[in-house]
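J.: Questions regarding the structure given below will be posed in turn.
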Amino acid sequence: MEELRPSVEATVGSILDVMADTGEVDVMADLAFPLPVSVIGELVGVPAADRASFQPLVRAGSAGIEPFVDNAGVVAAMAAQDEMRAYFVDLLDERRRQPADDLLTDLAEARDHDDALTDAEIISTSILLFAAGFETTTNLIGNGLLALLRNPEEFERLRADPDLTPSAVEEILRFDSPVQVNARTALEPAEVDGDKVEPGQMIMVLQGAANRDPEQFEAPDRLDLGRKDNVPLSFGWGAHHCIGAALARMEGEVVFRALSDRFASIELTADDVPRRPGITLRGLAALPVRLEPVTTR
Ligand code: HEM
């Protein structure tokens with residue numbers, strides 16, 4: 001992932017050039033979505049021209065991981081998943097005919113070389129990687145910038161001390177986690193706060209709430225970019241810990257560093273910042289700001 005950092009810096013640099021020229025932007029539409037979708041699209045091998053059309057599909061499809069969803073939501077999620085599957089079936093065919101330097105080709109070749117991957121596995125792995133690779137990181141960027149704008153003294157602290165960036169990203173992940181809810185199935189009998197849990201029973205894990213646990217984090221509702229021993233649950237835990245955590249952290253570091261370096265001021269232009277519906281994935285619908293570039297550039 002570190003090898004990708006220079007190309008992510010270059011992409012962020014050119015997005016911020018356009019934002020600086022425009023002056024007033026919606027950070028969600030202009031940076032938070034286009035950056036991660038282009039990074040993960042490049043890695044997986046989804047052609048640039050097709051990437052934007054995945055945002056509505058991934059949003060509809062992710063109803064499948066929401067705890068509360070109505071029938072219409074389920075039907076729309078299934079239709080979106082079918083459409084993504086059909087797209088990747090064609091793309092996999094194309095890569096078999098014409099291999100490229102991307103993950104889809106690697107997965108296809110891993111199977112051809114007698115590995116255990118079936119077509120169904122290649123396709124579901126590619127969809128999962130691609131879909132999980134942007135909606136979450138989009139929300140890391142949006143939630144993070146909003147937290148910094150609402151805590152200007154912390155934003156100043158970051159501007160003054162670039163070495164703080166990795167710990168700032170960790171704290172942003174803790175403070176306003178892009179994934180709030182997770183699920184686990186019990187393997188053995190357990191008791192949680194007086195309630196019995198039987199093997200095979202599924203439990204919802206509120207990782208966003210665990211990130212604000214006062215027994216774990218001192219003054220949990222305070223954004224403290226220099227927080228020590230900060231281990232949030234935002235990327236999950238154990239065998240299924242997020243495979244993209246290093247990539248997401250790196251993208252977050254590049255973005256928050258570049259925003260602090262490039263702009264003398266970033267000002268919210270709306271009192272009320274709209275959130276997207278949903279409980280599992282927590283993010284903003286829009287983040288309108290006015291930008292003041294640093295004058296020395
Ligand atoms: C800030 C950004 C991200 C957040 C908050 C996030 C969060 C999570 C969470 C909570 C899980 C479940 C872990 C568990 O159950 O213990 C997960 C799994 C996963 N994530 Fe991420 N993720 C992010 C970015 C990414 C990126 C960039 C990718 C792709 C490169 C990715 C790919 C995956 C995959 C494939 C899994 C399933 C892993 C498995 O089941 O073994 N994620 N992520």
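Ordering of the structure tokens sets the chain letters (A, B, ...); residue numbers start at 1 within each chain; ligands are numbered from 1 in the order shown.
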If you take only C-alpha atoms and a cut-off of 9 Å, which residues of range 192-290 of chain A touch range 22-42 of chain A, and what are their nearest atom pairs and distances in Å to one decimal, in chain and number order, as JSON lines?

T.:
```
{"residue": "A:Ala248", "atom": "CA", "partner": "A:Pro36", "partner_atom": "CA", "distance": 8.4}
{"residue": "A:Glu251", "atom": "CA", "partner": "A:Pro36", "partner_atom": "CA", "distance": 7.6}
{"residue": "A:Val255", "atom": "CA", "partner": "A:Leu31", "partner_atom": "CA", "distance": 9.0}
{"residue": "A:Thr269", "atom": "CA", "partner": "A:Glu24", "partner_atom": "CA", "distance": 8.5}
{"residue": "A:Leu284", "atom": "CA", "partner": "A:Met28", "partner_atom": "CA", "distance": 7.3}
{"residue": "A:Ala285", "atom": "CA", "partner": "A:Met28", "partner_atom": "CA", "distance": 7.2}
{"residue": "A:Ala286", "atom": "CA", "partner": "A:Met28", "partner_atom": "CA", "distance": 5.4}
{"residue": "A:Leu287", "atom": "CA", "partner": "A:Asp26", "partner_atom": "CA", "distance": 5.1}
{"residue": "A:Pro288", "atom": "CA", "partner": "A:Asp26", "partner_atom": "CA", "distance": 4.3}
{"residue": "A:Val289", "atom": "CA", "partner": "A:Val25", "partner_atom": "CA", "distance": 5.6}
{"residue": "A:Arg290", "atom": "CA", "partner": "A:Glu24", "partner_atom": "CA", "distance": 4.4}
```

J.: Could you report the residues within 8 Å of ligand 1, using only C-alpha atoms and all ligand atoms, as a PyMOL selection string?

T.: chain A and resi 36+40+125+128-140+173+177-184+207+233-249+252

J.: Next, the residues of the selection above should be written as a short mmCIF file (atom, residue, chain, number, x, y, z; two decimals), in the first residue's frame with C-alpha atoms.

T.:
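To be explicit, this is the file written out as out.cif:
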```
data_model
loop_
_atom_site.label_atom_id
_atom_site.label_comp_id
_atom_site.auth_asym_id
_atom_site.auth_seq_id
_atom_site.Cartn_x
_atom_site.Cartn_y
_atom_site.Cartn_z
CA PRO A 36 -11.26 6.32 -3.18
CA ILE A 40 -9.72 1.03 -5.67
CA THR A 125 -14.31 -11.14 -4.09
CA LEU A 128 -16.61 -6.94 -2.25
CA LEU A 129 -13.16 -5.37 -2.64
CA PHE A 130 -14.38 -2.72 -5.03
CA ALA A 131 -17.55 -1.83 -3.10
CA ALA A 132 -15.95 -1.95 0.36
CA GLY A 133 -13.06 0.07 -1.02
CA PHE A 134 -14.83 3.35 -1.59
CA GLU A 135 -18.08 3.95 0.30
CA THR A 136 -16.29 3.53 3.64
CA THR A 137 -13.24 5.62 2.73
CA THR A 138 -15.57 8.28 1.27
CA ASN A 139 -17.12 8.51 4.72
CA LEU A 140 -13.74 8.58 6.49
CA LEU A 173 -11.82 6.76 12.70
CA SER A 177 -16.60 5.66 12.52
CA PRO A 178 -17.64 5.14 8.86
CA VAL A 179 -18.87 1.67 9.86
CA GLN A 180 -20.96 1.74 13.03
CA VAL A 181 -22.46 -1.74 13.17
CA ASN A 182 -21.00 -5.20 12.68
CA ALA A 183 -22.32 -8.72 13.23
CA ARG A 184 -20.93 -11.84 14.87
CA GLN A 207 -18.52 -0.75 17.16
CA LEU A 233 -12.89 -0.94 16.46
CA SER A 234 -13.69 0.87 13.20
CA PHE A 235 -12.02 -1.80 11.04
CA GLY A 236 -13.51 -4.68 13.04
CA TRP A 237 -11.48 -7.28 14.87
CA GLY A 238 -10.02 -10.78 14.47
CA ALA A 239 -10.07 -13.05 11.43
CA HIS A 240 -12.25 -10.74 9.34
CA HIS A 241 -10.51 -7.48 10.27
CA CYS A 242 -10.78 -5.12 7.29
CA ILE A 243 -8.40 -6.16 4.53
CA GLY A 244 -8.32 -2.58 3.25
CA ALA A 245 -7.35 -0.90 6.54
CA ALA A 246 -3.81 -0.01 5.42
CA LEU A 247 -5.11 1.46 2.17
CA ALA A 248 -7.86 3.46 3.90
CA ARG A 249 -5.43 4.79 6.52
CA GLY A 252 -6.87 9.36 4.93
#
```

J.: If I take CA of Phe54 in chain A and CA of Leu281 in chain A, how far is one from the other in Å, to one decimal?

T.: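 Separation of CA of Phe54 in chain A and CA of Leu281 in chain A: 16.3 Å.
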
J.: Using only C-alpha atoms, can you tell me which of A:Arg157, A:Arg5, A:Arg51, A:Arg96 comes closest to Met250 in chain A?

T.: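 Closest to Met250 in chain A of all the choices is A:Arg5.
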
J.: CA of Asp261 in chain A to CA of Val294 in chain A: how many Å, to one decimal?

T.: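 We find that CA of Asp261 in chain A and CA of Val294 in chain A lie 7.8 Å from each other.
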
J.: Would you return as number ranges by chain the members of range 82-242 of chain A that DSSP assigns to strand (DSSP E) on this structure's backbone?

T.: A: 181-185, 190-192, 195-197, 202-206

J.: Got a sec: who's within 9 Å of range 67-69 of chain A, counting only C-alpha atoms, leaving out chain neighbours fewer than 2 positions off, as a list in words?

T.: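 Once the adjacent positions are removed, what remains is Ala63, Gly64, Ile65, Asn71, Ala72, Gly73, Val74, Val181, Met204, Gly278, Ile279 and Thr280 of chain A.
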
J.: Please report the interatomic distance between CA of Phe217 in chain A and CA of Ala168 in chain A in Å with one decimal.

T.: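 Atom-to-atom, CA of Phe217 in chain A and CA of Ala168 in chain A are spaced 15.1 Å apart.
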
J.: Can you tell me, as a PyMOL selection string, which residues in range 1-151 of chain A count as alpha helix (DSSP H) by DSSP?

T.: chain A and resi 5-22+27+34-44+48-51+54-61+71-97+103-112+119-150

J.: Gln201 in chain A: which residues within 10 Å, counting only C-alpha atoms, same-chain residues fewer than 4 positions away excluded, as a PyMOL selection string?

T.: chain A and resi 184-189+197

J.: What's the 12 Å shell around Gly226 in chain A, counting only C-alpha atoms, without same-chain residues fewer than 3 positions away, as a ChimeraX atom specification?

T.: /A:154-155,157-158,161-172,222-223,229-230

J.: Excluding Glu292 in chain A and residues on its chain fewer than 3 positions from it, collect all residues at most 6 Å away from it, counting only C-alpha atoms, and give them as a list of chain:residue names.

T.: A:Phe263, A:Ala264, A:Ser265

J.: Could you give me, as an MDAnalysis selection string, the residues within 10 Å of Asp17 in chain A, counting only C-alpha atoms and dropping anything in the same chain fewer than 6 positions from it?

T.: chainID A and resid 11 262 293

J.: I need the residues from that last selection saved to file as a short mmCIF file (atom, residue, chain, number, x, y, z; two decimals), in the first residue's frame (with N, CA and C atoms), if you can.

T.:
```
data_model
loop_
_atom_site.label_atom_id
_atom_site.label_comp_id
_atom_site.auth_asym_id
_atom_site.auth_seq_id
_atom_site.Cartn_x
_atom_site.Cartn_y
_atom_site.Cartn_z
N THR A 11 -2.96 12.15 -7.26
CA THR A 11 -4.40 12.26 -7.53
C THR A 11 -5.04 13.31 -6.62
N ARG A 262 -2.66 22.80 1.97
CA ARG A 262 -3.07 23.61 0.82
C ARG A 262 -3.97 24.79 1.16
N PRO A 293 -7.09 29.17 -0.32
CA PRO A 293 -5.76 28.55 -0.47
C PRO A 293 -4.70 29.34 0.29
#
```
